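This is input18.cif (mmCIF, C-alpha atoms).
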```cif
data_query
loop_
_atom_site.label_atom_id
_atom_site.label_comp_id
_atom_site.auth_asym_id
_atom_site.auth_seq_id
_atom_site.Cartn_x
_atom_site.Cartn_y
_atom_site.Cartn_z
CA MET A 1 100.13 74.96 67.43
CA ALA A 2 100.46 77.53 70.21
CA VAL A 3 103.52 79.73 69.89
CA GLU A 4 105.09 81.87 72.59
CA ALA A 5 107.21 84.90 71.72
CA ILE A 6 109.60 86.78 73.97
CA GLY A 7 110.88 90.18 72.93
CA HIS A 8 114.65 90.70 72.67
CA TRP A 9 114.91 93.58 70.22
CA THR A 10 115.00 97.35 70.41
CA LEU A 11 111.73 99.24 70.87
CA PRO A 12 111.22 103.01 70.61
CA ASP A 13 110.54 103.05 74.36
CA SER A 14 110.59 100.51 77.17
CA ALA A 15 108.19 97.61 76.74
CA TYR A 16 106.50 98.61 80.00
CA ALA A 17 106.00 102.25 79.00
CA MET A 18 104.50 101.21 75.67
CA TRP A 19 102.27 98.64 77.39
CA VAL A 20 100.95 101.22 79.88
CA ARG A 21 100.11 103.60 77.02
CA GLY A 22 98.37 100.80 75.13
CA GLU A 23 100.83 100.99 72.23
CA LEU A 24 102.78 97.75 72.51
CA ALA A 25 100.31 95.39 70.82
CA GLY A 26 99.86 97.79 67.91
CA TYR A 27 103.59 98.30 67.47
CA LEU A 28 104.06 94.53 67.31
CA ARG A 29 101.15 94.26 64.85
CA LEU A 30 99.49 91.54 66.87
CA PRO A 31 96.27 90.08 65.51
CA ASP A 32 93.03 91.16 67.14
CA ASP A 33 92.01 87.60 67.98
CA GLY A 34 92.57 87.43 71.73
CA THR A 35 96.35 87.36 71.47
CA ARG A 36 97.83 88.95 74.59
CA VAL A 37 101.05 90.82 75.20
CA GLU A 38 102.34 91.26 78.74
CA VAL A 39 105.54 92.60 80.25
CA ILE A 40 107.04 90.06 82.62
CA GLY A 41 110.41 90.69 84.20
CA GLY A 42 110.91 93.67 81.90
CA GLU A 43 110.46 91.63 78.70
CA PHE A 44 107.34 91.37 76.62
CA VAL A 45 105.69 87.99 76.25
CA VAL A 46 103.11 87.32 73.55
CA SER A 47 100.60 84.52 74.17
CA PRO A 48 97.92 83.12 71.88
CA ALA A 49 94.23 83.35 72.70
CA PRO A 50 93.24 80.71 75.28
CA VAL A 51 91.29 77.61 74.31
CA TYR A 52 87.64 77.04 75.22
CA ALA A 53 88.39 74.76 78.18
CA HIS A 54 90.51 77.54 79.69
CA GLY A 55 87.55 79.91 79.51
CA GLY A 56 85.22 77.28 80.92
CA ILE A 57 87.32 77.02 84.08
CA LEU A 58 87.15 80.78 84.54
CA SER A 59 83.38 80.66 84.08
CA ASP A 60 83.15 78.04 86.83
CA ILE A 61 85.19 80.22 89.18
CA ARG A 62 83.08 83.26 88.42
CA ARG A 63 79.93 81.20 88.97
CA GLY A 64 81.16 80.36 92.47
CA PHE A 65 81.43 84.05 93.32
CA GLU A 66 78.09 84.86 91.70
CA ARG A 67 76.40 82.07 93.63
CA ALA A 68 77.69 83.57 96.89
CA TRP A 69 76.47 87.00 95.76
CA PHE A 70 72.97 85.69 94.97
CA THR A 71 72.82 83.92 98.33
CA ASP A 72 74.00 86.97 100.29
CA PRO A 73 73.18 90.41 98.85
CA ASP A 74 75.90 91.89 101.07
CA PHE A 75 78.60 89.66 99.58
CA PRO A 76 81.26 92.24 98.62
CA TRP A 77 83.42 90.44 96.03
CA ARG A 78 83.26 90.74 92.26
CA ALA A 79 85.14 88.47 89.82
CA VAL A 80 86.27 90.18 86.61
CA GLN A 81 88.12 88.58 83.68
CA THR A 82 91.08 89.77 81.59
CA VAL A 83 91.85 93.27 82.86
CA ASN A 84 95.10 95.19 82.56
CA LEU A 85 97.14 95.15 85.77
CA ASP A 86 99.81 97.84 86.06
CA LEU A 87 102.64 96.80 88.42
CA VAL A 88 104.31 100.18 88.31
CA GLU A 89 106.67 99.43 91.20
CA ILE A 90 108.47 96.72 89.24
CA GLY A 91 107.80 97.97 85.69
CA ASP A 92 105.67 95.02 84.61
CA GLY A 93 102.21 94.87 83.03
CA TYR A 94 100.03 91.74 83.18
CA ILE A 95 96.65 90.66 81.90
CA PRO A 96 95.43 88.22 84.56
CA ASP A 97 92.87 85.64 83.60
CA MET A 98 90.68 86.90 86.44
CA VAL A 99 90.83 89.28 89.39
CA VAL A 100 88.57 89.51 92.43
CA VAL A 101 87.95 93.00 93.75
CA HIS A 102 85.77 94.61 96.39
CA ARG A 103 82.47 95.94 95.09
CA ASP A 104 83.55 99.52 95.90
CA ILE A 105 86.61 99.15 93.65
CA ASP A 106 84.44 97.56 90.98
CA ALA A 107 82.00 100.48 91.05
CA ALA A 108 84.76 103.09 90.97
CA LYS A 109 86.59 101.48 88.06
CA ARG A 110 83.38 101.11 86.06
CA ALA A 111 82.55 104.78 86.63
CA ASP A 112 86.02 105.93 85.61
CA GLU A 113 86.26 103.53 82.65
CA ALA A 114 89.77 102.88 83.95
CA LEU A 115 92.35 101.38 81.61
CA HIS A 116 94.33 99.68 84.38
CA LEU A 117 93.99 98.16 87.81
CA HIS A 118 96.81 98.27 90.36
CA PRO A 119 97.84 95.55 92.82
CA HIS A 120 96.54 97.36 95.90
CA GLU A 121 93.04 97.32 94.35
CA ILE A 122 92.96 93.52 93.97
CA ASP A 123 92.17 90.98 96.67
CA LEU A 124 92.69 87.79 94.66
CA VAL A 125 94.16 87.05 91.25
CA VAL A 126 93.50 83.90 89.21
CA GLU A 127 95.65 82.34 86.50
CA VAL A 128 94.85 79.20 84.50
CA THR A 129 97.92 77.74 82.83
CA SER A 130 98.20 77.06 79.12
CA SER A 131 100.77 74.85 77.44
CA SER A 132 102.38 77.87 75.78
CA ASN A 133 103.08 79.97 78.87
CA ALA A 134 102.57 77.93 82.05
CA ARG A 135 106.06 78.66 83.35
CA TYR A 136 105.24 82.35 83.63
CA ASP A 137 102.25 81.64 85.90
CA ARG A 138 104.11 79.39 88.32
CA ARG A 139 106.73 80.10 90.92
CA PRO A 140 110.20 80.22 89.29
CA ALA A 141 111.91 76.87 88.98
CA PHE A 142 115.37 76.81 90.55
CA GLY A 143 118.10 77.00 87.94
CA ARG A 144 115.73 77.81 85.08
CA GLN A 145 116.33 80.66 82.68
CA VAL A 146 113.09 82.38 83.73
CA ARG A 147 113.77 83.99 87.10
CA SER A 148 110.86 86.41 87.24
CA THR A 149 107.30 85.20 86.73
CA LYS A 150 103.83 86.56 87.30
CA TRP A 151 103.86 84.59 90.57
CA THR A 152 106.77 86.68 91.83
CA GLY A 153 105.28 89.87 90.36
CA TYR A 154 101.97 89.42 92.14
CA ALA A 155 103.81 88.79 95.40
CA ARG A 156 106.03 91.87 94.97
CA GLY A 157 102.90 93.90 94.26
CA GLY A 158 101.33 92.68 97.49
CA VAL A 159 98.31 90.94 95.95
CA PRO A 160 96.95 89.11 99.03
CA TYR A 161 95.87 85.86 97.34
CA TYR A 162 96.83 84.05 94.14
CA LEU A 163 94.79 81.10 92.86
CA LEU A 164 96.67 79.02 90.30
CA VAL A 165 94.84 76.42 88.24
CA ASP A 166 97.49 74.28 86.58
CA ARG A 167 96.23 72.24 83.61
CA ASP A 168 99.57 70.56 82.93
CA PRO A 169 98.83 66.79 82.75
CA ARG A 170 102.07 66.13 84.64
CA GLN A 171 100.99 68.18 87.67
CA SER A 172 97.37 69.22 87.26
CA GLY A 173 95.68 70.73 90.28
CA VAL A 174 94.75 73.94 92.08
CA THR A 175 96.89 75.90 94.53
CA LEU A 176 95.98 78.89 96.66
CA PHE A 177 98.91 81.11 97.58
CA GLY A 178 98.88 83.88 100.17
CA GLU A 179 100.91 85.82 102.72
CA PRO A 180 103.01 87.60 100.09
CA ASN A 181 106.57 88.59 100.94
CA ARG A 182 106.97 91.71 98.84
CA GLY A 183 110.71 91.99 99.37
CA GLU A 184 111.43 88.41 98.34
CA GLY A 185 108.63 88.14 95.79
CA THR A 186 107.29 84.91 97.28
CA TYR A 187 104.06 83.40 98.58
CA GLU A 188 103.15 80.71 101.08
CA VAL A 189 100.95 77.79 100.04
CA LEU A 190 97.58 78.07 101.81
CA GLY A 191 95.72 75.24 100.11
CA GLU A 192 96.05 72.56 97.43
CA TRP A 193 93.40 70.55 95.60
CA LYS A 194 93.38 67.91 92.89
CA SER A 195 91.29 68.42 89.79
CA GLY A 196 87.79 67.15 90.50
CA GLU A 197 87.86 68.14 94.16
CA SER A 198 85.74 70.99 95.44
CA VAL A 199 87.84 74.11 96.06
CA ARG A 200 86.86 76.08 99.14
CA LEU A 201 88.40 79.53 99.30
CA PRO A 202 88.82 80.68 102.91
CA LYS A 203 87.62 83.92 104.42
CA PRO A 204 87.34 86.71 103.49
CA PHE A 205 85.85 85.04 100.40
CA ASP A 206 84.29 81.83 101.76
CA VAL A 207 83.46 80.66 98.24
CA GLU A 208 83.10 77.09 96.98
CA ILE A 209 84.13 76.24 93.41
CA GLY A 210 83.31 72.96 91.71
CA THR A 211 86.03 71.47 89.49
CA ASP A 212 84.34 68.31 88.19
CA ALA A 213 84.64 69.45 84.57
CA TRP A 214 88.27 70.61 84.81
CA LYS A 215 90.64 68.54 82.71
CA PRO A 216 94.37 68.80 81.89
CA TRP A 217 95.31 70.02 78.48
CA SER A 218 95.93 67.40 75.81
CA ALA A 219 99.45 65.99 76.00
#
```
Please render this file's structure as structure tokens.
Amino acid sequence: MAVEAIGHWTLPDSAYAMWVRGELAGYLRLPDDGTRVEVIGGEFVVSPAPVYAHGGILSDIRRGFERAWFTDPDFPWRAVQTVNLDLVEIGDGYIPDMVVVHRDIDAAKRADEALHLHPHEIDLVVEVTSSSNARYDRRPAFGRQVRSTKWTGYARGGVPYYLLVDRDPRQSGVTLFGEPNRGEGTYEVLGEWKSGESVRLPKPFDVEIGTDAWKPWSA
């Protein structure tokens, strides 16, 4: 069974500072099995390794970008999975399922062997929900205990586009958010698709993604 953990105890430094230095996972003695620790709203959140279907969706999205690249050698976008994203302005640290960056950023980060990306270097971020932590990927629900989510963090960081694949059987589908309001930490909805429909990302990407194999998680 997937278990989510939220930190509420004293650390030797702030959760964010330890995350940036790469010390938080070790201090918490997390297993080296794909378990992730992120800092969301100033608190650390530990999530289990994603299931195979989760990874399959990300592979399909990456394939869409690679197909565009093979078709047009000048296609500038690169899709990269599970990188550290330092949101220094709000003191959070995320590990997005996938980011899309310009090829120049991709080349520079590869050359530098950079530990972190920053929001201004990302053009699109992708999250695929899991049953253990879906609420942190979505926009905050009014009246819920969780007031700050990765959705608000990405908007505050100014990430231009956010693609959310929600596998919840009660509301499965795909949503593209954009036009971030950094002050409010909000996005506008730019597109919505049901699972099974072809997702067409608008310019500047102009990428088509098939979702025929995408299924909700087991209830």
Item checked: Between CA of Val128 (chain A) and CA of Ala17 (chain A) - distance in Å to one decimal -> 26.2 Å
Next item on the list: Using the chain letters and numbering of this document, enumerate as an MDAnalysis selection string the residues selected by the PyMOL selection byres ((chain A and resi 68-81) around 10).
Entry: chainID A and resid 55 58:59 61:67 82:84 95:107 123:126 204:208
Check: In file coordinates, which residues lie within 8 Å of (105.8, 88.0, 95.7) using only C-alpha atoms, given as a list in words?
Finding: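 Here is the list of nearby residues: Trp151, Thr152, Gly153, Tyr154, Ala155, Arg156, Gly157, Gly158, Pro180, Asn181, Arg182, Gly183, Glu184, Gly185, Thr186 and Tyr187 of chain A.
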Note to self: List as a list in words the protein and nucleic acid residues near Gly34 (chain A), meaning an atom at most 10 Å away when all atoms listed in the file are counted, but skip any in the same chain fewer than 6 places from it.
What the structure shows: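 These residues fall inside the cut-off: Ser47, Pro48, Ala49 and Pro50 of chain A.
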How would the residues just picked look written out with C-alpha atoms as a PDB file, in the coordinates of the input?
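As written to disk, selection_4.pdb reads:
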```pdb
ATOM      1  CA  SER A  47     100.600  84.520  74.170  1.00  0.00           C
ATOM      2  CA  PRO A  48      97.920  83.120  71.880  1.00  0.00           C
ATOM      3  CA  ALA A  49      94.230  83.350  72.700  1.00  0.00           C
ATOM      4  CA  PRO A  50      93.240  80.710  75.280  1.00  0.00           C
TER       5      PRO A  50
END
```
Item checked: Interatomic distance (Å, one decimal) between CA of Phe177 (chain A) and CA of Leu190 (chain A) ->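 That distance, rounded to one decimal, is 5.4 Å.
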Margin query: Using only C-alpha atoms for the distances, tell me which of A:Leu201, A:Ile90, A:Val159, A:Met18 is nearest to Val174 (chain A).
Written below: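 Closest to Val174 (chain A) of all the choices is A:Leu201.
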Next item on the list: Would you work out the distance separating CA of Leu115 (chain A) from CA of Asp60 (chain A), expressed in Å to one decimal?
Entry: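 For CA of Leu115 (chain A) relative to CA of Asp60 (chain A), the distance reads 25.6 Å.
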Next item on the list: Run the PyMOL selection byres ((chain A and resi 216) around 12) against the file shown and list the residues it catches, as a ChimeraX atom specification.
Entry: /A:53-54,57,128-131,165-174,194-196,211-215,217-219
Box centre and edge lengths (Å, one decimal), axis-aligned, region 106-117 of chain A plus 8 Å each side, as JSON:
```
{"center_x": 88.2, "center_y": 101.7, "center_z": 86.3, "size_x": 28.3, "size_y": 24.4, "size_z": 25.4}
```
Next item on the list: Find the residue from A:Lys109, A:His118, A:Arg147, A:Arg135 that sits nearest to Tyr94 (chain A); use all atoms listed in the file when measuring.
Entry: A:His118
